[in-house]
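run_26.txt follows; it contains compact mmCIF, C-alpha atoms and all ligand atoms.
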```
# COMPACT_ATOMS: atom_id res chain seq x y z
CA ALA A 673 4.45 6.83 -32.51
CA LYS A 674 6.41 5.45 -29.60
CA SER A 675 4.18 4.01 -26.92
CA ILE A 676 4.46 3.75 -23.20
CA ALA A 677 2.25 1.44 -21.17
CA VAL A 678 0.84 1.78 -17.67
CA LEU A 679 -0.42 -0.99 -15.37
CA THR A 680 -1.45 -1.54 -11.77
CA SER A 681 -0.33 -4.71 -9.99
CA GLY A 682 -0.69 -6.40 -6.60
CA GLY A 683 -3.23 -5.04 -4.09
CA ASP A 684 -5.22 -1.97 -5.09
CA ALA A 685 -4.81 1.30 -3.24
CA PRO A 686 -6.70 4.61 -3.28
CA GLY A 687 -4.78 7.01 -5.49
CA MET A 688 -3.78 4.47 -8.13
CA ASN A 689 -6.24 6.15 -10.51
CA ALA A 690 -4.68 9.53 -9.85
CA ALA A 691 -1.29 8.03 -10.76
CA ILE A 692 -2.69 6.48 -13.96
CA ARG A 693 -4.17 9.84 -14.89
CA ALA A 694 -0.84 11.58 -14.37
CA VAL A 695 1.00 9.00 -16.49
CA VAL A 696 -1.54 9.23 -19.31
CA ARG A 697 -1.70 13.01 -19.36
CA SER A 698 2.06 13.63 -19.07
CA GLY A 699 2.82 10.81 -21.50
CA ILE A 700 0.57 12.34 -24.15
CA SER A 701 1.95 15.85 -23.46
CA LYS A 702 5.45 14.52 -24.06
CA GLY A 703 4.44 12.99 -27.40
CA PHE A 704 3.98 9.33 -26.48
CA SER A 705 0.90 7.32 -27.18
CA VAL A 706 -0.16 5.69 -23.94
CA LEU A 707 -1.51 2.16 -23.61
CA GLY A 708 -3.54 1.12 -20.58
CA VAL A 709 -2.83 -2.48 -19.59
CA ARG A 710 -5.63 -4.39 -17.87
CA ARG A 711 -5.08 -6.63 -14.83
CA GLY A 712 -1.42 -6.04 -14.17
CA TYR A 713 1.19 -8.22 -15.83
CA ASN A 714 -1.59 -10.54 -17.05
CA GLY A 715 -2.65 -7.85 -19.51
CA LEU A 716 0.88 -7.61 -20.89
CA LEU A 717 1.01 -11.38 -21.39
CA ASN A 718 -2.37 -11.46 -23.13
CA GLY A 719 -2.04 -8.20 -25.04
CA ASP A 720 -5.07 -6.92 -23.12
CA VAL A 721 -4.28 -3.25 -23.68
CA TYR A 722 -6.08 -0.22 -25.07
CA GLU A 723 -4.97 3.18 -26.23
CA MET A 724 -5.84 5.89 -23.76
CA ASN A 725 -6.45 9.55 -24.54
CA LEU A 726 -6.68 12.66 -22.41
CA ARG A 727 -10.37 12.00 -21.76
CA SER A 728 -9.89 8.30 -20.85
CA VAL A 729 -8.79 9.52 -17.45
CA SER A 730 -11.40 12.21 -16.89
CA ASP A 731 -13.23 12.04 -13.56
CA ILE A 732 -11.00 9.39 -12.01
CA ILE A 733 -8.71 11.45 -9.77
CA GLY A 734 -11.15 11.08 -6.88
CA ARG A 735 -12.10 7.47 -7.46
CA GLY A 736 -10.80 4.57 -5.37
CA GLY A 737 -9.61 1.26 -6.85
CA THR A 738 -8.01 1.18 -10.28
CA ILE A 739 -9.75 1.62 -13.63
CA LEU A 740 -7.12 -0.68 -15.16
CA TYR A 741 -7.97 -3.45 -12.67
CA THR A 742 -5.19 -5.22 -10.85
CA ALA A 743 -4.08 -8.82 -10.47
CA ARG A 744 -1.35 -11.11 -9.32
CA SER A 745 0.15 -13.01 -12.24
CA PRO A 746 1.86 -16.31 -11.44
CA GLU A 747 2.62 -16.81 -15.14
CA PHE A 748 4.61 -13.58 -15.35
CA ASN A 749 6.55 -14.52 -12.23
CA ALA A 750 8.75 -16.91 -14.26
CA PRO A 751 11.47 -16.31 -16.89
CA GLU A 752 9.27 -17.55 -19.79
CA GLY A 753 6.50 -15.19 -18.69
CA VAL A 754 8.82 -12.20 -18.59
CA LYS A 755 10.18 -13.11 -22.05
CA LYS A 756 6.67 -13.40 -23.45
CA ALA A 757 5.68 -10.02 -21.97
CA ALA A 758 8.80 -8.43 -23.49
CA GLU A 759 7.82 -9.83 -26.91
CA VAL A 760 4.30 -8.43 -26.58
CA CYS A 761 5.79 -5.02 -25.68
CA SER A 762 8.08 -4.99 -28.69
CA ARG A 763 5.19 -6.01 -30.98
CA LEU A 764 3.16 -3.07 -29.61
CA ASN A 765 6.10 -0.62 -29.96
CA VAL A 766 6.11 -0.13 -26.21
CA VAL A 767 9.34 1.61 -25.23
CA GLY A 768 8.61 1.83 -21.52
CA VAL A 769 6.21 0.61 -18.85
CA VAL A 770 5.06 2.33 -15.67
CA VAL A 771 4.20 -0.24 -13.00
CA ILE A 772 2.13 0.94 -10.04
CA GLY A 773 2.26 -1.57 -7.17
CA GLY A 774 4.42 -2.95 -4.37
CA ASP A 775 7.78 -4.70 -4.01
CA GLY A 776 6.59 -7.84 -5.85
CA SER A 777 5.53 -5.70 -8.79
CA PHE A 778 8.91 -3.93 -8.74
CA ARG A 779 10.71 -7.29 -8.98
CA GLY A 780 8.65 -7.89 -12.10
CA ALA A 781 9.60 -4.42 -13.39
CA ARG A 782 13.28 -5.19 -12.80
CA ASP A 783 12.99 -8.49 -14.69
CA LEU A 784 11.13 -6.91 -17.58
CA THR A 785 13.74 -4.14 -17.80
CA ASN A 786 16.45 -6.82 -17.97
CA ALA A 787 14.47 -8.41 -20.80
CA GLY A 788 14.78 -5.18 -22.78
CA VAL A 789 11.72 -3.11 -21.80
CA PRO A 790 12.59 -0.14 -19.56
CA CYS A 791 10.24 -0.08 -16.56
CA ILE A 792 9.59 2.50 -13.85
CA GLY A 793 7.94 1.55 -10.55
CA ILE A 794 5.57 3.72 -8.53
CA PRO A 795 4.77 2.63 -4.95
CA GLY A 796 1.03 2.08 -4.66
CA THR A 797 0.04 0.19 -1.52
CA ILE A 798 -1.83 1.12 1.64
CA ASP A 799 0.76 -0.67 3.81
CA ASN A 800 3.55 1.94 3.44
CA ASP A 801 5.89 -1.05 3.26
CA ILE A 802 8.32 0.13 0.59
CA ALA A 803 11.69 0.62 2.29
CA SER A 804 13.06 3.06 -0.28
CA SER A 805 10.13 5.47 0.03
CA GLU A 806 8.94 7.51 2.97
CA TYR A 807 5.44 7.28 1.53
CA THR A 808 3.33 4.97 -0.61
CA ILE A 809 0.20 5.99 -2.51
CA GLY A 810 -2.91 5.01 -0.55
CA PHE A 811 -1.43 5.09 2.94
CA ASP A 812 -2.93 8.39 4.05
CA THR A 813 -6.41 7.56 2.83
CA ALA A 814 -6.27 4.10 4.42
CA MET A 815 -5.12 5.51 7.77
CA ASN A 816 -7.91 8.04 7.79
CA THR A 817 -10.51 5.46 6.80
CA ALA A 818 -9.33 3.20 9.63
CA VAL A 819 -9.49 6.10 12.11
CA ASP A 820 -13.08 6.85 11.03
CA MET A 821 -14.09 3.22 11.51
CA ILE A 822 -12.36 2.89 14.87
CA ASP A 823 -13.92 6.11 16.16
CA ARG A 824 -17.26 4.39 15.59
CA ILE A 825 -16.11 1.23 17.29
CA ARG A 826 -14.89 3.40 20.16
CA ASP A 827 -18.31 5.00 20.59
CA THR A 828 -19.96 1.65 21.10
CA ALA A 829 -17.09 0.21 23.17
CA GLU A 830 -17.38 3.23 25.45
CA SER A 831 -21.14 2.92 25.80
CA HIS A 832 -20.85 -0.72 26.87
CA ASP A 833 -17.59 -0.56 28.88
CA ARG A 834 -16.06 -2.96 26.40
CA CYS A 835 -12.67 -3.81 25.10
CA SER A 836 -12.22 -3.80 21.33
CA VAL A 837 -9.44 -5.64 19.57
CA VAL A 838 -9.11 -4.14 16.10
CA GLU A 839 -7.01 -5.58 13.30
CA VAL A 840 -5.76 -3.26 10.58
CA MET A 841 -3.82 -4.17 7.43
CA GLY A 842 -0.05 -4.55 7.26
CA ARG A 843 1.44 -7.98 6.67
CA HIS A 844 5.07 -7.14 7.37
CA CYS A 845 4.72 -3.52 8.26
CA GLY A 846 3.14 -2.04 11.38
CA ASP A 847 2.98 1.57 10.14
CA LEU A 848 -0.79 1.58 9.70
CA ALA A 849 -1.36 0.00 13.13
CA LEU A 850 1.07 2.42 14.77
CA GLN A 851 -0.34 5.61 13.26
CA VAL A 852 -3.95 4.57 13.69
CA GLY A 853 -3.25 3.23 17.18
CA VAL A 854 -1.84 6.58 18.28
CA ALA A 855 -4.70 8.46 16.63
CA THR A 856 -7.42 6.39 18.29
CA GLY A 857 -5.82 6.04 21.73
CA ALA A 858 -5.21 2.30 21.61
CA ILE A 859 -3.87 1.06 24.92
CA SER A 860 -1.71 -1.56 23.18
CA ILE A 861 -0.32 -1.62 19.65
CA LEU A 862 0.92 -4.96 18.36
CA VAL A 863 3.12 -4.78 15.25
CA PRO A 864 5.36 -7.31 13.49
CA GLU A 865 8.42 -5.12 14.14
CA MET A 866 8.20 -5.20 17.94
CA PRO A 867 8.16 -8.17 20.32
CA TRP A 868 5.17 -8.27 22.65
CA ASP A 869 3.96 -10.23 25.61
CA PHE A 870 0.30 -10.90 26.36
CA GLN A 871 0.62 -10.30 30.10
CA THR A 872 2.81 -7.19 30.20
CA ASP A 873 1.75 -5.48 26.98
CA ILE A 874 -1.99 -6.14 27.20
CA ILE A 875 -3.31 -7.38 30.56
CA ASP A 876 -1.05 -5.30 32.81
CA ARG A 877 -1.77 -2.15 30.81
CA ILE A 878 -5.53 -2.74 30.98
CA ARG A 879 -5.39 -3.34 34.73
CA LEU A 880 -3.29 -0.26 35.39
CA ALA A 881 -5.69 1.92 33.41
CA GLN A 882 -8.69 0.31 35.13
CA LYS A 883 -7.28 1.46 38.48
CA THR A 884 -7.51 5.07 37.34
CA GLY A 885 -11.07 4.61 36.15
CA LYS A 886 -10.68 3.71 32.48
CA ARG A 887 -13.50 1.41 31.42
CA HIS A 888 -13.12 0.93 27.67
CA PHE A 889 -10.06 -0.18 25.77
CA ILE A 890 -8.80 -0.46 22.21
CA ILE A 891 -6.09 -2.95 21.31
CA MET A 892 -4.61 -2.39 17.85
CA VAL A 893 -3.28 -5.41 16.00
CA ALA A 894 -1.43 -5.38 12.67
CA GLU A 895 -2.52 -8.06 10.21
CA GLY A 896 0.99 -9.55 10.26
CA VAL A 897 0.68 -10.21 14.00
CA GLY A 898 -2.66 -11.95 13.55
CA GLY A 899 -4.53 -13.99 16.15
CA THR A 900 -6.99 -11.14 16.69
CA ASN A 901 -9.91 -13.37 17.70
CA GLU A 902 -7.75 -15.39 20.09
CA ILE A 903 -6.39 -12.22 21.67
CA ALA A 904 -9.95 -10.98 22.24
CA ASN A 905 -11.05 -14.29 23.78
CA ARG A 906 -8.07 -14.35 26.10
CA ILE A 907 -8.62 -10.77 27.26
CA GLN A 908 -12.25 -11.52 28.11
CA LYS A 909 -11.30 -14.70 29.95
CA GLU A 910 -8.53 -13.11 31.99
CA THR A 911 -10.09 -9.74 32.79
CA GLY A 912 -13.83 -10.42 32.66
CA ILE A 913 -14.21 -7.35 30.42
CA GLU A 914 -16.58 -7.97 27.53
CA THR A 915 -14.28 -8.02 24.51
CA ARG A 916 -15.00 -7.93 20.79
CA ALA A 917 -12.70 -8.49 17.82
CA THR A 918 -13.07 -6.48 14.61
CA ILE A 919 -11.01 -7.17 11.51
CA LEU A 920 -11.33 -4.05 9.37
CA GLY A 921 -10.19 -5.79 6.18
CA HIS A 922 -10.81 -4.35 2.75
CA VAL A 923 -12.79 -1.29 3.86
CA GLN A 924 -9.31 0.16 4.39
CA ARG A 925 -8.41 -0.27 0.73
CA GLY A 926 -11.48 1.34 -0.76
CA GLY A 927 -12.83 4.85 -0.92
CA SER A 928 -11.96 8.14 -2.51
CA PRO A 929 -8.25 9.03 -2.20
CA ASN A 930 -7.63 12.07 -0.03
CA LEU A 931 -5.63 15.13 -0.97
CA ARG A 932 -2.23 13.74 -0.08
CA ASP A 933 -2.71 10.58 -2.13
CA ARG A 934 -3.99 12.50 -5.15
CA VAL A 935 -1.09 14.94 -5.05
CA VAL A 936 1.69 12.39 -4.44
CA ALA A 937 0.23 10.13 -7.14
CA SER A 938 0.17 13.04 -9.59
CA GLU A 939 3.78 13.98 -8.85
CA MET A 940 4.99 10.38 -9.05
CA GLY A 941 3.13 9.65 -12.29
CA TYR A 942 4.65 12.73 -13.91
CA HIS A 943 8.13 11.89 -12.62
CA ALA A 944 7.90 8.31 -13.96
CA VAL A 945 7.12 9.55 -17.48
CA THR A 946 10.00 12.03 -17.31
CA LEU A 947 12.36 9.12 -16.60
CA LEU A 948 11.03 7.13 -19.56
CA GLU A 949 11.40 10.20 -21.76
CA GLU A 950 15.08 10.31 -20.75
CA GLY A 951 15.38 6.67 -21.76
CA GLN A 952 15.85 5.46 -18.21
CA GLY A 953 14.57 2.13 -16.88
CA ASN A 954 14.82 0.00 -13.75
CA ARG A 955 14.01 2.98 -11.51
CA VAL A 956 11.48 3.35 -8.75
CA VAL A 957 9.93 6.72 -7.96
CA VAL A 958 9.98 7.47 -4.23
CA VAL A 959 9.53 10.20 -1.65
CA ARG A 960 12.76 11.02 0.19
CA GLY A 961 13.20 14.03 2.46
CA GLY A 962 9.70 15.03 1.38
CA LYS A 963 10.76 15.23 -2.29
CA VAL A 964 9.89 12.99 -5.23
CA VAL A 965 13.11 11.36 -6.47
CA ASP A 966 14.07 7.99 -7.98
CA PHE A 967 16.32 5.03 -7.19
CA ASP A 968 17.62 1.99 -8.97
CA ILE A 969 15.05 -0.79 -8.39
CA THR A 970 17.60 -3.37 -7.26
CA GLU A 971 19.11 -0.91 -4.81
CA ALA A 972 15.62 0.03 -3.59
CA LEU A 973 14.58 -3.62 -3.09
CA ASN A 974 17.67 -4.19 -0.91
CA MET A 975 16.90 -1.32 1.45
CA LYS A 976 15.67 -2.09 4.96
CA ARG A 977 12.71 -0.34 6.51
CA THR A 978 13.11 1.38 9.85
CA PHE A 979 10.22 1.23 12.27
CA ASN A 980 9.21 4.47 13.98
CA LYS A 981 10.19 3.36 17.47
CA ALA A 982 10.03 6.92 18.81
CA LEU A 983 6.33 7.15 17.95
CA TYR A 984 5.75 3.69 19.39
CA ASP A 985 7.28 4.89 22.67
CA VAL A 986 5.05 7.98 22.63
CA ALA A 987 2.03 5.70 22.30
CA LEU A 988 3.17 3.57 25.22
CA SER A 989 3.54 6.56 27.49
CA ILE A 990 0.35 8.45 26.64
CA SER A 991 -2.19 5.71 25.87
CA ILE A 992 -2.64 4.78 29.50
P1 LIG A 1001 1.13 -5.64 -2.50
O1 LIG A 1001 2.06 -4.90 -1.58
O2 LIG A 1001 -0.15 -4.95 -2.67
O3 LIG A 1001 1.00 -7.09 -2.22
P2 LIG A 1001 2.96 -6.36 -4.62
O4 LIG A 1001 3.36 -5.66 -5.86
O5 LIG A 1001 4.06 -6.61 -3.63
O6 LIG A 1001 1.78 -5.51 -4.00
P3 LIG A 1001 2.78 -9.14 -5.39
O7 LIG A 1001 1.61 -10.03 -5.38
O8 LIG A 1001 3.96 -9.51 -4.55
O9 LIG A 1001 2.22 -7.70 -5.01
O10 LIG A 1001 3.34 -8.96 -6.88
C1 LIG A 1001 2.49 -8.64 -7.95
C2 LIG A 1001 2.94 -9.33 -9.21
O11 LIG A 1001 4.28 -8.99 -9.53
C3 LIG A 1001 2.98 -10.86 -9.12
O12 LIG A 1001 1.76 -11.47 -9.34
C4 LIG A 1001 3.95 -11.20 -10.25
O13 LIG A 1001 3.33 -11.22 -11.49
C5 LIG A 1001 4.94 -10.07 -10.17
N1 LIG A 1001 6.11 -10.52 -9.39
C6 LIG A 1001 6.18 -10.69 -8.06
N2 LIG A 1001 7.39 -11.14 -7.67
C7 LIG A 1001 8.10 -11.27 -8.80
C8 LIG A 1001 9.44 -11.69 -9.10
N3 LIG A 1001 10.27 -12.08 -8.12
N4 LIG A 1001 9.81 -11.70 -10.37
C9 LIG A 1001 8.99 -11.31 -11.35
N5 LIG A 1001 7.73 -10.92 -11.14
C10 LIG A 1001 7.27 -10.88 -9.90
```
Output the structure of this file as C-alpha cells.
Amino acid sequence: AKSIAVLTSGGDAPGMNAAIRAVVRSGISKGFSVLGVRRGYNGLLNGDVYEMNLRSVSDIIGRGGTILYTARSPEFNAPEGVKKAAEVCSRLNVVGVVVIGGDGSFRGARDLTNAGVPCIGIPGTIDNDIASSEYTIGFDTAMNTAVDMIDRIRDTAESHDRCSVVEVMGRHCGDLALQVGVATGAISILVPEMPWDFQTDIIDRIRLAQKTGKRHFIIMVAEGVGGTNEIANRIQKETGIETRATILGHVQRGGSPNLRDRVVASEMGYHAVTLLEEGQGNRVVVVRGGKVVDFDITEALNMKRTFNKALYDVALSISI
C-alpha cells in the first residue's frame, strides 16, 4: 500500500498529538498506511519510523507534547540531508509527508518536496508566529496557561505591594505577551514589534498609576525583548518598589491542549491528508478568515505578519 508519514519538528506545542491523531485516522480511512516518524527530520534520515494503526493514537487527543517526539536536525538542514531523507522515503514507499512545526520545519518541507516527496505543513507552535495563518496549534492553550500562572503571581504581588516583571515566550512575535498582558492587566507590554522606552513606557506609567492608588504592577515582556532581570532591577532601583522577575519558560509549552487546539489540530490534520490524497505537495494548512485553507509553502514563507496594534493601544489606555 501507499504510505504517508507524519512527523513533528521544532518546538513542541500542546495539540500536536491531536494533529497526529487526525492524520493517522484520516490517512487510514483514505486507504493509506501511515508511518509515524520519531524525532522530526532525524527520524526520516535514520529510518526511525513505525507503522501506526487506528489504536496507536487512542487516548492522545488530550495529551500535551508529542508522542512522536520532536527535534531540530542540523543534518537535514543541508542539501545532502534532504537528498538522503528523500531516498529513505522512496525506499519506504512514502508518497507524502505531513510536517507539524514552525517556519523552519516548513522550509524543510519545501526542500523535501523539491527533492520529490510531496510535503504538507501544519503550523504547530505556541508563538502564533506563522504569518500565513491566523492561528497556530498550541497558542490558545499556552495563553491560558500563562494567564493561570500570572494570576497566581498577581495574588502574591498584590499582597506584598510588589511589581512583577513576567517574561512569556515569543522570540520574534509578541502575540502571546500582548494577549496575556491584556488579560492580566499588565501596566506595560514589551514586544519585539513595538519600540519602547524604559522611562516613558515603564517608569512614567507606574508613577501615574501610583498617584491614583495602584500599589502592585505587572510588566509583561516577550522573550524576544529579553533583559527581564535587568528590567526588574532597574524598576526597583528607580521606584523603590520591591520588584521580582519571573521567566515562565517551558510551563507554557506543556499541559493538556484545550478545546480550540484540539479542534483546530483535528481539522488541519484532516485537511493535510486530503491534500496528499489529491497528490498535492508544498502546501501549508492555515486558518484564514476563520476557515481552514492551504497555501503554497514558498508563498506562505514570504508573507509578513501584522501586529495587532489596535489591541496594543487598548492595553495602553485601560491598563492604567
Ligand atoms: P519553532 O517555531 O518551534 O522553533 P521551527 O519549525 O521553526 O519551530 P526550527 O528549529 O527552525 O523550528 O526548524 C526545525 C527543523 O527544520 C530544523 O532542525 C531543520 O531540520 C529543518 N529546517 C529548518 N530550516 C531549514 C531550511 N532552511 N532548509 C531545510 N530544513 C530546514
Throw together the list of residues within 7 Å of ligand LIG 1001 (chain A), counting only C-alpha atoms and all ligand atoms, and drop it here as a PyMOL selection string. chain A and resi 681-684+713+743-750+773-780+783+797+799
Shortest interatomic distance to Asn786 in chain A - which of A:Gly899, A:Leu764, A:Lys755, A:Asn930, counting all atoms listed in the file: A:Lys755
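CA of Lys976 in chain A sits 26.3 Å away from CA of Asp873 in chain A.
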Using all atoms listed in the file, pick whichever of A:Gly912, A:Gly927, A:Gly898, A:Gly793 has the shortest atom-to-atom distance to His844 in chain A. A:Gly898
Given the choices A:Thr808, A:Ala829, A:Val771, A:Ile739, which gets closest to Asn954 in chain A if the distance is worked out from only C-alpha atoms? A:Val771
Just the number, please: distance in Å from CA of Ala937 in chain A to CA of Gly687 in chain A, one decimal. 6.1 Å
For Gly857 in chain A, list every protein, DNA or RNA residue within 8 Å, evaluated using only C-alpha atoms, and leave out those in the same chain fewer than 2 positions away; present the list as a PyMOL selection string. chain A and resi 853-855+859+890+987+991
Ser730 in chain A environment, 12 Å, only C-alpha atoms, sequence neighbours closer than 3 positions dropped, as a count of residues only: 15
For a cut-off of 10 Å around (14.6, 5.4, -21.8), file coordinates, pick out all residues using only C-alpha atoms and list them as a ChimeraX atom specification. /A:767-768,789-792,945-954
So, with all atoms listed in the file as the atoms that count, which of A:Thr742, A:Val863, A:Glu839, A:Ala818 lies closest to Lys981 in chain A? A:Val863
